[in-house]
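Working notes for the structure below.
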Amino acid sequence: MAVFGVLAAVLGVVGVIAPDALLALMGFAPAAGSRRAEGDHTVVFLTASSMAALNMGVYYVLAALADWKAFFRWTVPFRLLTCVVFTLAVAGGRAPAGFLGVGLWEGAGAVVTGAALRYERRRS
């Protein structure tokens with residue numbers, strides 16, 4: 001949980017400070033350095049999403065420091081849902097293939113978290 005939290009926070013900071021770098025990681029066209037059509041709010045959306053990632057990262061780190069198992073359990077189904085939605089966005093042509101990595105990251109994180117919680121419960 002702490003590792004995911006730190007990574008989410010770091011990527012959130014990257015998205016706020018250098019949106020083009022974050023977009024390139026996911027296979028999207030640059031935002032800030034290129035001309036965008038009138039009404040294209042890509043940078044606004046990226047800023048909001050990046051700030052949410054930063055906040056979420058901090059929540060995850062704090063939950064890990066507090067060893068808040070209930071929070072860990074709550075994240076598993078929602079991270080799996082995120083994986084499904086992001087994967088379908090790529091499969092449906094709504095997002096570039098590079099975005100699949102975001103969905104797979106969420107899915108893998110959910111599976112690892114669920115497995116760790118199960119292991120700890122059986123060990124107790």
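Chain labels run A, B, ... following the order of the structure tokens; each chain numbers its residues from 1, and ligands are numbered from 1 in the order shown.
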- request: Write out as a list in words the residues lying within 12 Å of Ala108 of chain A, counting only C-alpha atoms and excluding same-chain residues fewer than 2 positions away.
  value: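 That gives Phe4, Val76, Pro77, Arg79, Leu80, Leu81, Thr82, Cys83, Val84, Gly101, Val102, Gly103, Leu104, Trp105, Glu106, Ala110, Val111, Val112, Thr113, Gly114 and Ala115 of chain A.
Nearest-residue note for Thr47 of chain A: choosing from A:Leu62, A:Ala24, A:Gly12, A:Arg121, the minimum distance belongs to A:Gly12, counting only C-alpha atoms.
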field: Contact residues around Val6 of chain A with only C-alpha atoms at 12 Å, ignoring same-chain residues under 2 positions, as a list in words
entry: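 Residues meeting the cut-off are Met1, Ala2, Val3, Phe4, Ala8, Ala9, Val10, Leu11, Gly12, Val13, Ala53, Leu54, Asn55, Met56, Gly57, Val58, Tyr59, Tyr60, Val61, Leu62, Ala63 and Ala64 of chain A.
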message: Restricting the calculation to only C-alpha atoms: of A:Gly39, A:Gly5, A:Val14, A:Val85, which residue gets closest to Leu65 of chain A?
response: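 The shortest atom-to-atom distance to Leu65 of chain A comes from A:Gly5.
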Test item, helix (DSSP H, G or I) assignment across chain A, answer as a VMD selection string: chain A and resid 2 to 17 19 to 26 42 to 65 69 to 91 97 to 123
task: Measure the distance from atom CA of Asp40 of chain A to atom CA of Phe99 of chain A in Å and round it to one decimal.
output: 19.5 Å
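For the set A:Ala70, A:Leu117, A:Leu46, A:Leu88, the residue with the smallest atom-to-atom gap to Ala21 of chain A is A:Leu46, counting only C-alpha atoms.
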Who sits within 7 Å of Pro96 of chain A, only C-alpha atoms, same chain under 5 positions skipped, as an mmCIF file with all heavy atoms, in the first residue's frame:
```cif
data_model
loop_
_atom_site.group_PDB
_atom_site.id
_atom_site.type_symbol
_atom_site.label_atom_id
_atom_site.label_comp_id
_atom_site.auth_asym_id
_atom_site.auth_seq_id
_atom_site.Cartn_x
_atom_site.Cartn_y
_atom_site.Cartn_z
ATOM 1 N N GLY A 27 0.971 7.260 -23.756
ATOM 2 C CA GLY A 27 0.764 7.206 -25.189
ATOM 3 C C GLY A 27 -0.151 8.277 -25.750
ATOM 4 O O GLY A 27 -0.635 8.157 -26.870
ATOM 5 N N PHE A 28 -0.381 9.326 -24.987
ATOM 6 C CA PHE A 28 -1.201 10.439 -25.460
ATOM 7 C C PHE A 28 -0.322 11.517 -26.084
ATOM 8 O O PHE A 28 0.858 11.640 -25.767
ATOM 9 C CB PHE A 28 -1.981 11.078 -24.296
ATOM 10 C CG PHE A 28 -3.119 10.239 -23.792
ATOM 11 C CD1 PHE A 28 -2.982 9.497 -22.634
ATOM 12 C CD2 PHE A 28 -4.334 10.203 -24.460
ATOM 13 C CE1 PHE A 28 -4.025 8.729 -22.148
ATOM 14 C CE2 PHE A 28 -5.382 9.438 -23.985
ATOM 15 C CZ PHE A 28 -5.232 8.697 -22.832
ATOM 16 N N VAL A 90 -9.498 1.118 -23.628
ATOM 17 C CA VAL A 90 -8.506 0.828 -24.662
ATOM 18 C C VAL A 90 -9.122 -0.091 -25.719
ATOM 19 O O VAL A 90 -9.009 0.170 -26.922
ATOM 20 C CB VAL A 90 -7.227 0.207 -24.062
ATOM 21 C CG1 VAL A 90 -6.289 -0.278 -25.148
ATOM 22 C CG2 VAL A 90 -6.527 1.217 -23.148
#
```
statement: Of A:Ala29, A:Leu7, A:Ala37, A:Leu22, the one sitting nearest Ser49 of chain A when using only C-alpha atoms is A:Leu22
query: Interatomic distance between atom CA of Phe72 of chain A and atom CA of Arg122 of chain A?
result: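 One can read the atom CA of Phe72 of chain A to atom CA of Arg122 of chain A distance as 16.1 Å.
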